[in-house]
Amino acid sequence: MRRRELLGAVLLLPLEGLAQTCGVVTPRQTEGPFFKTDSPRRVSLIESGSKAPRLVVTGTVLSAQCKPVPNALLDFWHSDEEGAYDNRGFRYRGHQHADAQGRFRLETIVPAEYPGRTRHIHVKVQAPGRRVLTTQLYFPGDPANRRDGLYRAELEMKKVKADEASFDFVVDA
């Protein structure tokens, strides 16, 4: 390999990694039958009395051009520690806005799996004034992922610590 070719290849490496993070909008998935409008604004979905393992999910909302999306709306919901959804109230449901750098932080529990589904967290993400992205987040290494027909590896959160995970959303902005 000539010096010029080597230098060109090195210069492309950072751009190649960036293209994998950004440029590709996060895949859409069904909201399922349990979505409710008008969830309360909250960054912690932890309910008093829950003995389920705690989980903190962090990440950034990015445009396809790799720019942070300030003030993006994120609406989260998931099942409880028994695998049931609260259809009367707002247990394990809530929305928040990303900060000026597009970052978010959600405190919650690890939801239970239920018949036919692996553990997952539903989310709607919306850049201000743009179309809503509805999708689901999955837990890395969960054995039930293989059995769930909706599971998509590209929607797996990245494990940061035992009780922390991250996921960056890419939206049309």
# chains A, B, ... in the order shown; residues from 1 in each chain; ligands from 1
$ residues_around --residues "Arg28 of chain A" --least-positions-apart "4" --cutoff "10 Å" --atoms "only C-alpha atoms" --output "PyMOL selection string"
chain A and resi 124+132-136+155
$ write_last_selection --atoms "N, CA, C and O atoms" --output "CSV table (one decimal), in the first residue's frame"
chain,number,residue,atom,x,y,z
A,124,LYS,N,-41.5,6.4,22.1
A,124,LYS,CA,-41.8,7.3,21.0
A,124,LYS,C,-40.8,8.4,21.2
A,124,LYS,O,-40.7,9.0,22.2
A,132,VAL,N,-43.2,11.5,14.6
A,132,VAL,CA,-42.8,10.6,15.7
A,132,VAL,C,-42.2,9.3,15.2
A,132,VAL,O,-42.7,8.7,14.3
A,133,LEU,N,-41.2,8.9,15.9
A,133,LEU,CA,-40.5,7.6,15.7
A,133,LEU,C,-41.0,6.7,16.8
A,133,LEU,O,-40.8,7.0,18.0
A,134,THR,N,-41.7,5.6,16.5
A,134,THR,CA,-42.1,4.7,17.5
A,134,THR,C,-41.3,3.4,17.4
A,134,THR,O,-41.2,2.9,16.3
A,135,THR,N,-40.7,3.0,18.5
A,135,THR,CA,-39.8,1.8,18.4
A,135,THR,C,-39.8,1.1,19.8
A,135,THR,O,-40.6,1.4,20.7
A,136,GLN,N,-39.0,0.1,19.9
A,136,GLN,CA,-38.8,-0.7,21.2
A,136,GLN,C,-37.3,-0.9,21.4
A,136,GLN,O,-36.6,-1.0,20.4
A,155,LEU,N,-31.8,-2.8,17.8
A,155,LEU,CA,-32.5,-2.1,18.8
A,155,LEU,C,-32.1,-2.5,20.2
A,155,LEU,O,-32.8,-2.1,21.2
$ atom_distance --atom1 "atom CA of Glu81 of chain A" --atom2 "atom CA of Ala112 of chain A"
4.9 Å
$ residues_around --residues "His120 of chain A" --least-positions-apart "5" --cutoff "9 Å" --atoms "only C-alpha atoms" --output "JSON, numbers by chain"
{"A": [78, 79, 110, 111, 112, 113, 136, 137, 138, 139, 151]}
$ write_last_selection --atoms "C-alpha atoms" --output "CSV table (one decimal), in the first residue's frame"
chain,number,residue,atom,x,y,z
A,78,HIS,CA,-43.2,-0.9,29.7
A,79,SER,CA,-44.6,-3.8,31.7
A,110,VAL,CA,-36.1,-4.1,34.4
A,111,PRO,CA,-39.5,-5.1,33.0
A,112,ALA,CA,-40.6,-8.7,33.1
A,113,GLU,CA,-41.1,-10.7,29.9
A,136,GLN,CA,-38.8,-0.7,21.2
A,137,LEU,CA,-35.6,-1.2,23.0
A,138,TYR,CA,-34.3,-4.7,23.9
A,139,PHE,CA,-31.9,-6.1,26.5
A,151,TYR,CA,-36.9,-8.5,18.4
$ select_by_dssp --residues "chain A" --states "strand (DSSP E)" --output "number ranges by chain"
A: 54-63, 73-77, 93-97, 103-109, 120-126, 133-138, 158-161, 164-166, 169-171
$ residues_around --residues "Lys161 of chain A" --least-positions-apart "3" --cutoff "10 Å" --atoms "only C-alpha atoms" --output "PyMOL selection string"
chain A and resi 55-56+158+164-166
$ write_last_selection --atoms "N, CA, C and O atoms" --output "compact mmCIF listing (two decimals), in the first residue's frame"
# COMPACT_ATOMS: atom_id res chain seq x y z
N LEU A 55 -32.87 0.04 36.76
CA LEU A 55 -32.17 0.23 35.50
C LEU A 55 -32.14 1.72 35.17
O LEU A 55 -33.15 2.41 35.33
N VAL A 56 -30.99 2.20 34.73
CA VAL A 56 -30.86 3.57 34.23
C VAL A 56 -30.50 3.46 32.75
O VAL A 56 -29.54 2.76 32.39
N LYS A 158 -27.05 -0.95 24.81
CA LYS A 158 -25.68 -1.33 25.12
C LYS A 158 -25.53 -1.33 26.63
O LYS A 158 -25.88 -0.36 27.29
N GLU A 164 -27.04 -0.32 34.28
CA GLU A 164 -27.07 0.82 33.36
C GLU A 164 -26.95 0.34 31.92
O GLU A 164 -26.20 -0.58 31.62
N ALA A 165 -27.69 1.01 31.05
CA ALA A 165 -27.64 0.71 29.61
C ALA A 165 -27.73 2.03 28.85
O ALA A 165 -28.14 3.05 29.41
N SER A 166 -27.36 1.99 27.59
CA SER A 166 -27.45 3.20 26.77
C SER A 166 -27.99 2.87 25.39
O SER A 166 -27.88 1.74 24.92
$ atom_distance --atom1 "atom CA of Ala100 of chain A" --atom2 "atom CA of Phe35 of chain A"
27.0 Å
$ atom_distance --atom1 "atom CA of Arg91 of chain A" --atom2 "atom CA of Asn71 of chain A"
23.9 Å
$ closest_residue --among "A:Ala52, A:Leu62, A:Ile121, A:Leu73" --to "Ala98 of chain A" --atoms "only C-alpha atoms"
A:Leu73
$ decode --residues "segment 64-114 of chain A" --atoms "N, CA and C atoms" --output "compact mmCIF listing (two decimals), in the first residue's frame"
# COMPACT_ATOMS: atom_id res chain seq x y z
N ALA A 64 -30.04 12.53 11.49
CA ALA A 64 -29.33 11.68 10.53
C ALA A 64 -28.00 12.31 10.11
N GLN A 65 -27.83 13.59 10.38
CA GLN A 65 -26.58 14.29 10.09
C GLN A 65 -25.64 14.29 11.30
N CYS A 66 -25.95 13.48 12.31
CA CYS A 66 -25.12 13.31 13.51
C CYS A 66 -25.11 14.52 14.42
N LYS A 67 -26.12 15.36 14.34
CA LYS A 67 -26.21 16.52 15.22
C LYS A 67 -27.20 16.21 16.34
N PRO A 68 -26.88 16.62 17.57
CA PRO A 68 -27.82 16.41 18.67
C PRO A 68 -29.15 17.13 18.39
N VAL A 69 -30.23 16.52 18.83
CA VAL A 69 -31.56 17.10 18.67
C VAL A 69 -32.01 17.62 20.03
N PRO A 70 -31.87 18.94 20.25
CA PRO A 70 -32.28 19.48 21.54
C PRO A 70 -33.79 19.42 21.72
N ASN A 71 -34.18 19.20 22.97
CA ASN A 71 -35.59 19.24 23.35
C ASN A 71 -36.46 18.18 22.67
N ALA A 72 -35.85 17.09 22.19
CA ALA A 72 -36.65 16.00 21.61
C ALA A 72 -37.54 15.41 22.69
N LEU A 73 -38.74 15.04 22.32
CA LEU A 73 -39.69 14.42 23.23
C LEU A 73 -39.47 12.91 23.22
N LEU A 74 -39.37 12.31 24.41
CA LEU A 74 -39.25 10.86 24.55
C LEU A 74 -40.36 10.38 25.47
N ASP A 75 -41.17 9.45 25.01
CA ASP A 75 -42.28 8.91 25.79
C ASP A 75 -42.01 7.42 25.97
N PHE A 76 -41.83 6.97 27.23
CA PHE A 76 -41.47 5.58 27.54
C PHE A 76 -42.63 4.87 28.23
N TRP A 77 -42.75 3.57 27.98
CA TRP A 77 -43.68 2.72 28.73
C TRP A 77 -43.24 1.28 28.62
N HIS A 78 -43.53 0.51 29.66
CA HIS A 78 -43.17 -0.92 29.66
C HIS A 78 -43.98 -1.66 30.71
N SER A 79 -43.84 -2.97 30.70
CA SER A 79 -44.57 -3.80 31.66
C SER A 79 -43.94 -3.68 33.05
N ASP A 80 -44.68 -4.15 34.04
CA ASP A 80 -44.17 -4.13 35.40
C ASP A 80 -43.34 -5.39 35.68
N GLU A 81 -43.02 -5.62 36.93
CA GLU A 81 -42.20 -6.78 37.32
C GLU A 81 -42.94 -8.10 37.17
N GLU A 82 -44.23 -8.05 36.91
CA GLU A 82 -45.03 -9.26 36.69
C GLU A 82 -45.34 -9.48 35.20
N GLY A 83 -44.96 -8.55 34.36
CA GLY A 83 -45.23 -8.67 32.93
C GLY A 83 -46.55 -8.05 32.51
N ALA A 84 -47.15 -7.24 33.38
CA ALA A 84 -48.44 -6.61 33.08
C ALA A 84 -48.25 -5.11 32.84
N TYR A 85 -49.10 -4.56 31.97
CA TYR A 85 -49.12 -3.13 31.71
C TYR A 85 -50.24 -2.49 32.51
N ASP A 86 -50.01 -1.29 33.00
CA ASP A 86 -51.05 -0.54 33.70
C ASP A 86 -51.90 0.17 32.66
N ASN A 87 -53.11 -0.30 32.47
CA ASN A 87 -54.00 0.31 31.48
C ASN A 87 -55.00 1.28 32.10
N ARG A 88 -54.96 1.45 33.43
CA ARG A 88 -55.85 2.38 34.10
C ARG A 88 -55.14 3.66 34.50
N GLY A 89 -53.89 3.50 34.91
CA GLY A 89 -53.11 4.66 35.36
C GLY A 89 -51.85 4.81 34.53
N PHE A 90 -50.79 5.26 35.19
CA PHE A 90 -49.55 5.54 34.46
C PHE A 90 -48.34 4.92 35.14
N ARG A 91 -48.51 3.73 35.75
CA ARG A 91 -47.35 3.03 36.30
C ARG A 91 -46.43 2.63 35.15
N TYR A 92 -45.16 2.89 35.32
CA TYR A 92 -44.13 2.58 34.32
C TYR A 92 -44.42 3.24 32.97
N ARG A 93 -44.90 4.47 33.06
CA ARG A 93 -45.16 5.29 31.89
C ARG A 93 -44.74 6.73 32.20
N GLY A 94 -44.16 7.38 31.21
CA GLY A 94 -43.81 8.78 31.41
C GLY A 94 -43.07 9.34 30.22
N HIS A 95 -43.07 10.66 30.14
CA HIS A 95 -42.34 11.32 29.06
C HIS A 95 -41.38 12.35 29.64
N GLN A 96 -40.40 12.70 28.82
CA GLN A 96 -39.41 13.70 29.18
C GLN A 96 -38.89 14.34 27.90
N HIS A 97 -38.11 15.39 28.07
CA HIS A 97 -37.48 16.06 26.93
C HIS A 97 -35.97 15.92 27.05
N ALA A 98 -35.33 15.69 25.93
CA ALA A 98 -33.87 15.67 25.90
C ALA A 98 -33.37 17.07 26.24
N ASP A 99 -32.14 17.15 26.72
CA ASP A 99 -31.57 18.47 27.05
C ASP A 99 -31.06 19.16 25.79
N ALA A 100 -30.35 20.25 25.94
CA ALA A 100 -29.87 21.06 24.81
C ALA A 100 -28.87 20.30 23.94
N GLN A 101 -28.24 19.26 24.49
CA GLN A 101 -27.30 18.43 23.72
C GLN A 101 -27.95 17.12 23.24
N GLY A 102 -29.27 17.03 23.35
CA GLY A 102 -29.99 15.85 22.89
C GLY A 102 -29.93 14.67 23.84
N ARG A 103 -29.39 14.85 25.05
CA ARG A 103 -29.21 13.75 25.99
C ARG A 103 -30.48 13.52 26.82
N PHE A 104 -30.66 12.24 27.20
CA PHE A 104 -31.76 11.87 28.08
C PHE A 104 -31.24 10.89 29.12
N ARG A 105 -32.01 10.76 30.21
CA ARG A 105 -31.69 9.80 31.28
C ARG A 105 -33.01 9.32 31.85
N LEU A 106 -33.23 8.01 31.81
CA LEU A 106 -34.44 7.40 32.32
C LEU A 106 -34.09 6.46 33.46
N GLU A 107 -34.75 6.63 34.59
CA GLU A 107 -34.61 5.71 35.72
C GLU A 107 -35.87 4.86 35.74
N THR A 108 -35.68 3.54 35.78
CA THR A 108 -36.83 2.64 35.76
C THR A 108 -36.44 1.30 36.36
N ILE A 109 -37.19 0.27 36.05
CA ILE A 109 -36.88 -1.10 36.48
C ILE A 109 -36.65 -1.95 35.23
N VAL A 110 -36.15 -3.14 35.46
CA VAL A 110 -36.07 -4.11 34.37
C VAL A 110 -37.45 -4.74 34.26
N PRO A 111 -38.16 -4.50 33.15
CA PRO A 111 -39.51 -5.07 33.02
C PRO A 111 -39.46 -6.59 32.85
N ALA A 112 -40.53 -7.24 33.24
CA ALA A 112 -40.61 -8.70 33.07
C ALA A 112 -40.96 -9.04 31.64
N GLU A 113 -40.57 -10.23 31.22
CA GLU A 113 -41.06 -10.72 29.94
C GLU A 113 -42.47 -11.26 30.18
N TYR A 114 -43.21 -11.43 29.13
CA TYR A 114 -44.54 -12.00 29.25
C TYR A 114 -44.75 -12.90 28.05
